[in-house]
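Peer 1: File follows, model.txt with compact mmCIF, N, CA and C atoms:
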```txt
# COMPACT_ATOMS: atom_id res chain seq x y z
N MET A 1109 167.28 18.97 41.32
CA MET A 1109 167.37 20.26 40.66
C MET A 1109 166.85 20.17 39.23
N ILE A 1110 167.05 19.03 38.59
CA ILE A 1110 166.59 18.88 37.21
C ILE A 1110 165.07 18.92 37.14
N LYS A 1111 164.40 18.33 38.13
CA LYS A 1111 162.93 18.33 38.13
C LYS A 1111 162.39 19.75 38.26
N ILE A 1112 163.05 20.56 39.07
CA ILE A 1112 162.62 21.95 39.23
C ILE A 1112 162.77 22.69 37.90
N LYS A 1113 163.84 22.44 37.18
CA LYS A 1113 164.03 23.07 35.88
C LYS A 1113 162.94 22.66 34.91
N HIS A 1114 162.55 21.38 34.96
CA HIS A 1114 161.47 20.92 34.08
C HIS A 1114 160.15 21.61 34.42
N VAL A 1115 159.87 21.78 35.70
CA VAL A 1115 158.64 22.44 36.12
C VAL A 1115 158.65 23.90 35.66
N VAL A 1116 159.76 24.57 35.81
CA VAL A 1116 159.87 25.98 35.41
C VAL A 1116 159.73 26.12 33.89
N ILE A 1117 160.38 25.24 33.15
CA ILE A 1117 160.28 25.30 31.69
C ILE A 1117 158.84 25.05 31.25
N PHE A 1118 158.17 24.08 31.87
CA PHE A 1118 156.78 23.80 31.54
C PHE A 1118 155.89 25.00 31.86
N TYR A 1119 156.16 25.67 32.99
CA TYR A 1119 155.40 26.87 33.36
C TYR A 1119 155.61 27.99 32.33
N ILE A 1120 156.84 28.21 31.94
CA ILE A 1120 157.13 29.26 30.96
C ILE A 1120 156.46 28.96 29.62
N LEU A 1121 156.49 27.69 29.21
CA LEU A 1121 155.81 27.32 27.97
C LEU A 1121 154.30 27.58 28.08
N GLY A 1122 153.73 27.31 29.23
CA GLY A 1122 152.31 27.59 29.44
C GLY A 1122 152.00 29.07 29.40
N ILE A 1123 152.89 29.88 29.97
CA ILE A 1123 152.71 31.33 29.93
C ILE A 1123 152.79 31.83 28.49
N LEU A 1124 153.75 31.32 27.74
CA LEU A 1124 153.87 31.73 26.33
C LEU A 1124 152.65 31.28 25.53
N PHE A 1125 152.15 30.09 25.79
CA PHE A 1125 150.94 29.62 25.12
C PHE A 1125 149.77 30.55 25.44
N GLY A 1126 149.64 30.91 26.71
CA GLY A 1126 148.57 31.82 27.10
C GLY A 1126 148.71 33.19 26.47
N ALA A 1127 149.94 33.65 26.32
CA ALA A 1127 150.17 34.98 25.75
C ALA A 1127 149.88 35.01 24.26
N PHE A 1128 150.31 33.99 23.54
CA PHE A 1128 150.18 34.03 22.09
C PHE A 1128 148.87 33.45 21.57
N PHE A 1129 148.38 32.39 22.17
CA PHE A 1129 147.21 31.72 21.62
C PHE A 1129 145.92 32.05 22.36
N LEU A 1130 145.99 32.22 23.68
CA LEU A 1130 144.79 32.56 24.44
C LEU A 1130 144.62 34.06 24.61
N ASP A 1131 145.65 34.82 24.26
CA ASP A 1131 145.61 36.29 24.31
C ASP A 1131 145.23 36.80 25.70
N ILE A 1132 145.90 36.25 26.70
CA ILE A 1132 145.58 36.59 28.10
C ILE A 1132 145.93 38.04 28.41
N TRP A 1133 146.99 38.57 27.84
CA TRP A 1133 147.41 39.92 28.16
C TRP A 1133 146.93 40.95 27.14
N ALA A 1134 145.80 40.70 26.54
CA ALA A 1134 145.24 41.65 25.58
C ALA A 1134 144.58 42.82 26.32
N ALA A 1135 144.25 43.83 25.59
CA ALA A 1135 143.62 45.01 26.19
C ALA A 1135 142.19 44.70 26.63
N ASP A 1136 141.54 43.76 25.96
CA ASP A 1136 140.15 43.44 26.31
C ASP A 1136 140.09 42.16 27.17
N THR A 1137 140.62 42.27 28.36
CA THR A 1137 140.64 41.12 29.26
C THR A 1137 139.32 41.00 30.00
N ASN A 1138 139.07 39.82 30.52
CA ASN A 1138 137.90 39.61 31.35
C ASN A 1138 138.31 38.74 32.53
N ILE A 1139 137.36 38.44 33.40
CA ILE A 1139 137.67 37.70 34.61
C ILE A 1139 138.10 36.27 34.29
N LYS A 1140 137.60 35.71 33.22
CA LYS A 1140 137.96 34.34 32.84
C LYS A 1140 139.45 34.23 32.52
N LYS A 1141 139.97 35.17 31.76
CA LYS A 1141 141.39 35.15 31.42
C LYS A 1141 142.26 35.34 32.66
N GLY A 1142 141.85 36.20 33.54
CA GLY A 1142 142.59 36.41 34.78
C GLY A 1142 142.60 35.17 35.65
N LEU A 1143 141.47 34.50 35.73
CA LEU A 1143 141.40 33.27 36.52
C LEU A 1143 142.23 32.16 35.91
N ILE A 1144 142.29 32.09 34.59
CA ILE A 1144 143.14 31.09 33.93
C ILE A 1144 144.60 31.32 34.31
N ALA A 1145 145.04 32.56 34.28
CA ALA A 1145 146.43 32.87 34.63
C ALA A 1145 146.71 32.57 36.10
N MET A 1146 145.78 32.90 36.97
CA MET A 1146 145.96 32.61 38.39
C MET A 1146 145.97 31.11 38.66
N PHE A 1147 145.11 30.36 37.97
CA PHE A 1147 145.05 28.92 38.14
C PHE A 1147 146.35 28.28 37.66
N TRP A 1148 146.89 28.75 36.54
CA TRP A 1148 148.15 28.21 36.02
C TRP A 1148 149.29 28.48 37.00
N THR A 1149 149.32 29.65 37.62
CA THR A 1149 150.34 29.97 38.60
C THR A 1149 150.18 29.13 39.85
N ALA A 1150 148.94 28.87 40.26
CA ALA A 1150 148.70 28.01 41.42
C ALA A 1150 149.20 26.60 41.16
N ILE A 1151 148.96 26.09 39.97
CA ILE A 1151 149.46 24.75 39.61
C ILE A 1151 150.99 24.74 39.66
N PHE A 1152 151.60 25.81 39.18
CA PHE A 1152 153.06 25.91 39.22
C PHE A 1152 153.58 25.87 40.65
N LEU A 1153 152.96 26.62 41.54
CA LEU A 1153 153.41 26.65 42.93
C LEU A 1153 153.24 25.30 43.60
N VAL A 1154 152.13 24.62 43.34
CA VAL A 1154 151.90 23.29 43.91
C VAL A 1154 152.94 22.31 43.37
N ALA A 1155 153.25 22.41 42.09
CA ALA A 1155 154.26 21.52 41.50
C ALA A 1155 155.64 21.77 42.11
N LEU A 1156 155.98 23.03 42.35
CA LEU A 1156 157.27 23.33 42.99
C LEU A 1156 157.33 22.75 44.40
N ILE A 1157 156.26 22.90 45.16
CA ILE A 1157 156.24 22.36 46.52
C ILE A 1157 156.35 20.85 46.48
N PHE A 1158 155.65 20.21 45.56
CA PHE A 1158 155.68 18.76 45.44
C PHE A 1158 157.09 18.27 45.09
N VAL A 1159 157.75 18.94 44.16
CA VAL A 1159 159.11 18.54 43.76
C VAL A 1159 160.08 18.74 44.92
N GLU A 1160 159.97 19.84 45.62
CA GLU A 1160 160.85 20.09 46.77
C GLU A 1160 160.62 19.06 47.87
N LYS A 1161 159.39 18.73 48.13
CA LYS A 1161 159.09 17.75 49.17
C LYS A 1161 159.67 16.39 48.81
N ASN A 1162 159.53 15.98 47.56
CA ASN A 1162 160.07 14.69 47.12
C ASN A 1162 161.60 14.71 47.11
N ARG A 1163 162.19 15.85 46.86
CA ARG A 1163 163.65 15.95 46.87
C ARG A 1163 164.21 15.81 48.28
N GLU A 1164 163.51 16.38 49.26
CA GLU A 1164 163.96 16.29 50.65
C GLU A 1164 163.84 14.88 51.20
N GLU A 1165 162.85 14.11 50.72
CA GLU A 1165 162.67 12.75 51.21
C GLU A 1165 163.74 11.81 50.69
N ASN A 1166 164.30 12.09 49.53
CA ASN A 1166 165.31 11.19 48.94
C ASN A 1166 166.67 11.46 49.48
```
Let me see the structure of the file written as structure tokens.
Peer 2:
Amino acid sequence: MIKIKHVVIFYILGILFGAFFLDIWAADTNIKKGLIAMFWTAIFLVALIFVEKNREEN
């Protein structure tokens, strides 16, 4: 459970970084910013699956 919390916290920090420094949710968005957000979410989902799989094996 602790590993899942670490993954979620890391994801939230990445979202905040994207919001404040990369300006992903600005009014003048483009496809690049959208793809960055989708890629970050995909990495999050893969990390969650990986952590769950390793938790079930132990």
Peer 1: Quick one: residues within 12 Å of A:Ile1157, only C-alpha atoms counted, chain neighbours fewer than 5 positions away excluded, as a list in words?
Peer 2: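 Once the nearby chain positions are removed, what remains is Lys1111, Ile1112, Val1115, Ala1150, Ile1151, Phe1152, Asn1162, Arg1163 and Glu1164 of chain A.
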Peer 1: Kindly export the residues of the current selection with N, CA and C atoms, as a PDB file, in the coordinates of the input.
Peer 2:
```pdb
ATOM      1  N   LYS A1111     164.400  18.330  38.130  1.00  0.00           N
ATOM      2  CA  LYS A1111     162.930  18.330  38.130  1.00  0.00           C
ATOM      3  C   LYS A1111     162.390  19.750  38.260  1.00  0.00           C
ATOM      4  N   ILE A1112     163.050  20.560  39.070  1.00  0.00           N
ATOM      5  CA  ILE A1112     162.620  21.950  39.230  1.00  0.00           C
ATOM      6  C   ILE A1112     162.770  22.690  37.900  1.00  0.00           C
ATOM      7  N   VAL A1115     159.870  21.780  35.700  1.00  0.00           N
ATOM      8  CA  VAL A1115     158.640  22.440  36.120  1.00  0.00           C
ATOM      9  C   VAL A1115     158.650  23.900  35.660  1.00  0.00           C
ATOM     10  N   ALA A1150     148.940  28.870  40.260  1.00  0.00           N
ATOM     11  CA  ALA A1150     148.700  28.010  41.420  1.00  0.00           C
ATOM     12  C   ALA A1150     149.200  26.600  41.160  1.00  0.00           C
ATOM     13  N   ILE A1151     148.960  26.090  39.970  1.00  0.00           N
ATOM     14  CA  ILE A1151     149.460  24.750  39.610  1.00  0.00           C
ATOM     15  C   ILE A1151     150.990  24.740  39.660  1.00  0.00           C
ATOM     16  N   PHE A1152     151.600  25.810  39.180  1.00  0.00           N
ATOM     17  CA  PHE A1152     153.060  25.910  39.220  1.00  0.00           C
ATOM     18  C   PHE A1152     153.580  25.870  40.650  1.00  0.00           C
ATOM     19  N   ASN A1162     159.530  15.980  47.560  1.00  0.00           N
ATOM     20  CA  ASN A1162     160.070  14.690  47.120  1.00  0.00           C
ATOM     21  C   ASN A1162     161.600  14.710  47.110  1.00  0.00           C
ATOM     22  N   ARG A1163     162.190  15.850  46.860  1.00  0.00           N
ATOM     23  CA  ARG A1163     163.650  15.950  46.870  1.00  0.00           C
ATOM     24  C   ARG A1163     164.210  15.810  48.280  1.00  0.00           C
ATOM     25  N   GLU A1164     163.510  16.380  49.260  1.00  0.00           N
ATOM     26  CA  GLU A1164     163.960  16.290  50.650  1.00  0.00           C
ATOM     27  C   GLU A1164     163.840  14.880  51.200  1.00  0.00           C
TER      28      GLU A1164
END
```
Peer 1: For the atom pair atom C of A:Lys1141 and atom CA of A:Glu1160, what is the interatomic distance in Å to one decimal place?
Peer 2: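 Between these atoms lies a distance of 27.9 Å.
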Peer 1: Can you measure atom CA of A:Leu1156 to atom CA of A:Leu1130 for me? One decimal in Å is fine.
Peer 2: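 Answer for the atom CA of A:Leu1156 to atom CA of A:Leu1130 separation: 24.2 Å.
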Peer 1: Give the answer as one residue: which of A:Ala1145, A:Ile1110, A:Val1154, A:Val1159 has the shortest atom-to-atom distance to A:Leu1124, using only C-alpha atoms?
Peer 2: A:Ala1145
Peer 1: Could you pull out all residues of stretch 1110-1151 of chain A with a DSSP call of alpha helix (DSSP H) and give them as a tab-separated table (two decimals) with N, CA and C atoms, keeping the file's coordinate frame?
Peer 2:
```tsv
chain	number	residue	atom	x	y	z
A	1110	ILE	N	167.05	19.03	38.59
A	1110	ILE	CA	166.59	18.88	37.21
A	1110	ILE	C	165.07	18.92	37.14
A	1111	LYS	N	164.40	18.33	38.13
A	1111	LYS	CA	162.93	18.33	38.13
A	1111	LYS	C	162.39	19.75	38.26
A	1112	ILE	N	163.05	20.56	39.07
A	1112	ILE	CA	162.62	21.95	39.23
A	1112	ILE	C	162.77	22.69	37.90
A	1113	LYS	N	163.84	22.44	37.18
A	1113	LYS	CA	164.03	23.07	35.88
A	1113	LYS	C	162.94	22.66	34.91
A	1114	HIS	N	162.55	21.38	34.96
A	1114	HIS	CA	161.47	20.92	34.08
A	1114	HIS	C	160.15	21.61	34.42
A	1115	VAL	N	159.87	21.78	35.70
A	1115	VAL	CA	158.64	22.44	36.12
A	1115	VAL	C	158.65	23.90	35.66
A	1116	VAL	N	159.76	24.57	35.81
A	1116	VAL	CA	159.87	25.98	35.41
A	1116	VAL	C	159.73	26.12	33.89
A	1117	ILE	N	160.38	25.24	33.15
A	1117	ILE	CA	160.28	25.30	31.69
A	1117	ILE	C	158.84	25.05	31.25
A	1118	PHE	N	158.17	24.08	31.87
A	1118	PHE	CA	156.78	23.80	31.54
A	1118	PHE	C	155.89	25.00	31.86
A	1119	TYR	N	156.16	25.67	32.99
A	1119	TYR	CA	155.40	26.87	33.36
A	1119	TYR	C	155.61	27.99	32.33
A	1120	ILE	N	156.84	28.21	31.94
A	1120	ILE	CA	157.13	29.26	30.96
A	1120	ILE	C	156.46	28.96	29.62
A	1121	LEU	N	156.49	27.69	29.21
A	1121	LEU	CA	155.81	27.32	27.97
A	1121	LEU	C	154.30	27.58	28.08
A	1122	GLY	N	153.73	27.31	29.23
A	1122	GLY	CA	152.31	27.59	29.44
A	1122	GLY	C	152.00	29.07	29.40
A	1123	ILE	N	152.89	29.88	29.97
A	1123	ILE	CA	152.71	31.33	29.93
A	1123	ILE	C	152.79	31.83	28.49
A	1124	LEU	N	153.75	31.32	27.74
A	1124	LEU	CA	153.87	31.73	26.33
A	1124	LEU	C	152.65	31.28	25.53
A	1125	PHE	N	152.15	30.09	25.79
A	1125	PHE	CA	150.94	29.62	25.12
A	1125	PHE	C	149.77	30.55	25.44
A	1126	GLY	N	149.64	30.91	26.71
A	1126	GLY	CA	148.57	31.82	27.10
A	1126	GLY	C	148.71	33.19	26.47
A	1127	ALA	N	149.94	33.65	26.32
A	1127	ALA	CA	150.17	34.98	25.75
A	1127	ALA	C	149.88	35.01	24.26
A	1128	PHE	N	150.31	33.99	23.54
A	1128	PHE	CA	150.18	34.03	22.09
A	1128	PHE	C	148.87	33.45	21.57
A	1139	ILE	N	137.36	38.44	33.40
A	1139	ILE	CA	137.67	37.70	34.61
A	1139	ILE	C	138.10	36.27	34.29
A	1140	LYS	N	137.60	35.71	33.22
A	1140	LYS	CA	137.96	34.34	32.84
A	1140	LYS	C	139.45	34.23	32.52
A	1141	LYS	N	139.97	35.17	31.76
A	1141	LYS	CA	141.39	35.15	31.42
A	1141	LYS	C	142.26	35.34	32.66
A	1142	GLY	N	141.85	36.20	33.54
A	1142	GLY	CA	142.59	36.41	34.78
A	1142	GLY	C	142.60	35.17	35.65
A	1143	LEU	N	141.47	34.50	35.73
A	1143	LEU	CA	141.40	33.27	36.52
A	1143	LEU	C	142.23	32.16	35.91
A	1144	ILE	N	142.29	32.09	34.59
A	1144	ILE	CA	143.14	31.09	33.93
A	1144	ILE	C	144.60	31.32	34.31
A	1145	ALA	N	145.04	32.56	34.28
A	1145	ALA	CA	146.43	32.87	34.63
A	1145	ALA	C	146.71	32.57	36.10
A	1146	MET	N	145.78	32.90	36.97
A	1146	MET	CA	145.96	32.61	38.39
A	1146	MET	C	145.97	31.11	38.66
A	1147	PHE	N	145.11	30.36	37.97
A	1147	PHE	CA	145.05	28.92	38.14
A	1147	PHE	C	146.35	28.28	37.66
A	1148	TRP	N	146.89	28.75	36.54
A	1148	TRP	CA	148.15	28.21	36.02
A	1148	TRP	C	149.29	28.48	37.00
A	1149	THR	N	149.32	29.65	37.62
A	1149	THR	CA	150.34	29.97	38.60
A	1149	THR	C	150.18	29.13	39.85
A	1150	ALA	N	148.94	28.87	40.26
A	1150	ALA	CA	148.70	28.01	41.42
A	1150	ALA	C	149.20	26.60	41.16
A	1151	ILE	N	148.96	26.09	39.97
A	1151	ILE	CA	149.46	24.75	39.61
A	1151	ILE	C	150.99	24.74	39.66
```
Peer 1: For the atom pair atom CA of A:Phe1129 and atom CA of A:Ile1144, what is the interatomic distance in Å to one decimal place?
Peer 2: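 Rounded to one decimal, the two atoms are 13.0 Å apart.
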Peer 1: Given all atoms listed in the file as the basis, pick out the residue of A:Trp1148, A:Glu1165, A:Leu1143, A:Thr1137 nearest to A:Tyr1119.
Peer 2: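 Ranked by minimum distance to A:Tyr1119, first place goes to A:Trp1148.
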Peer 1: Mind giving me the axis-aligned box for stretch 1138-1153 of chain A with 5 Å on every side, centre plus edges in Å to one decimal, as AutoDock Vina command-line options?
Peer 2:
```
--center_x 145.5 --center_y 32.3 --center_z 37.1 --size_x 26.2 --size_y 25.1 --size_z 23.1
```
Peer 1: So, with only C-alpha atoms as the atoms that count, which of A:Lys1161, A:Ala1134, A:Ile1120, A:Phe1128 lies closest to A:Thr1149?
Peer 2: A:Ile1120
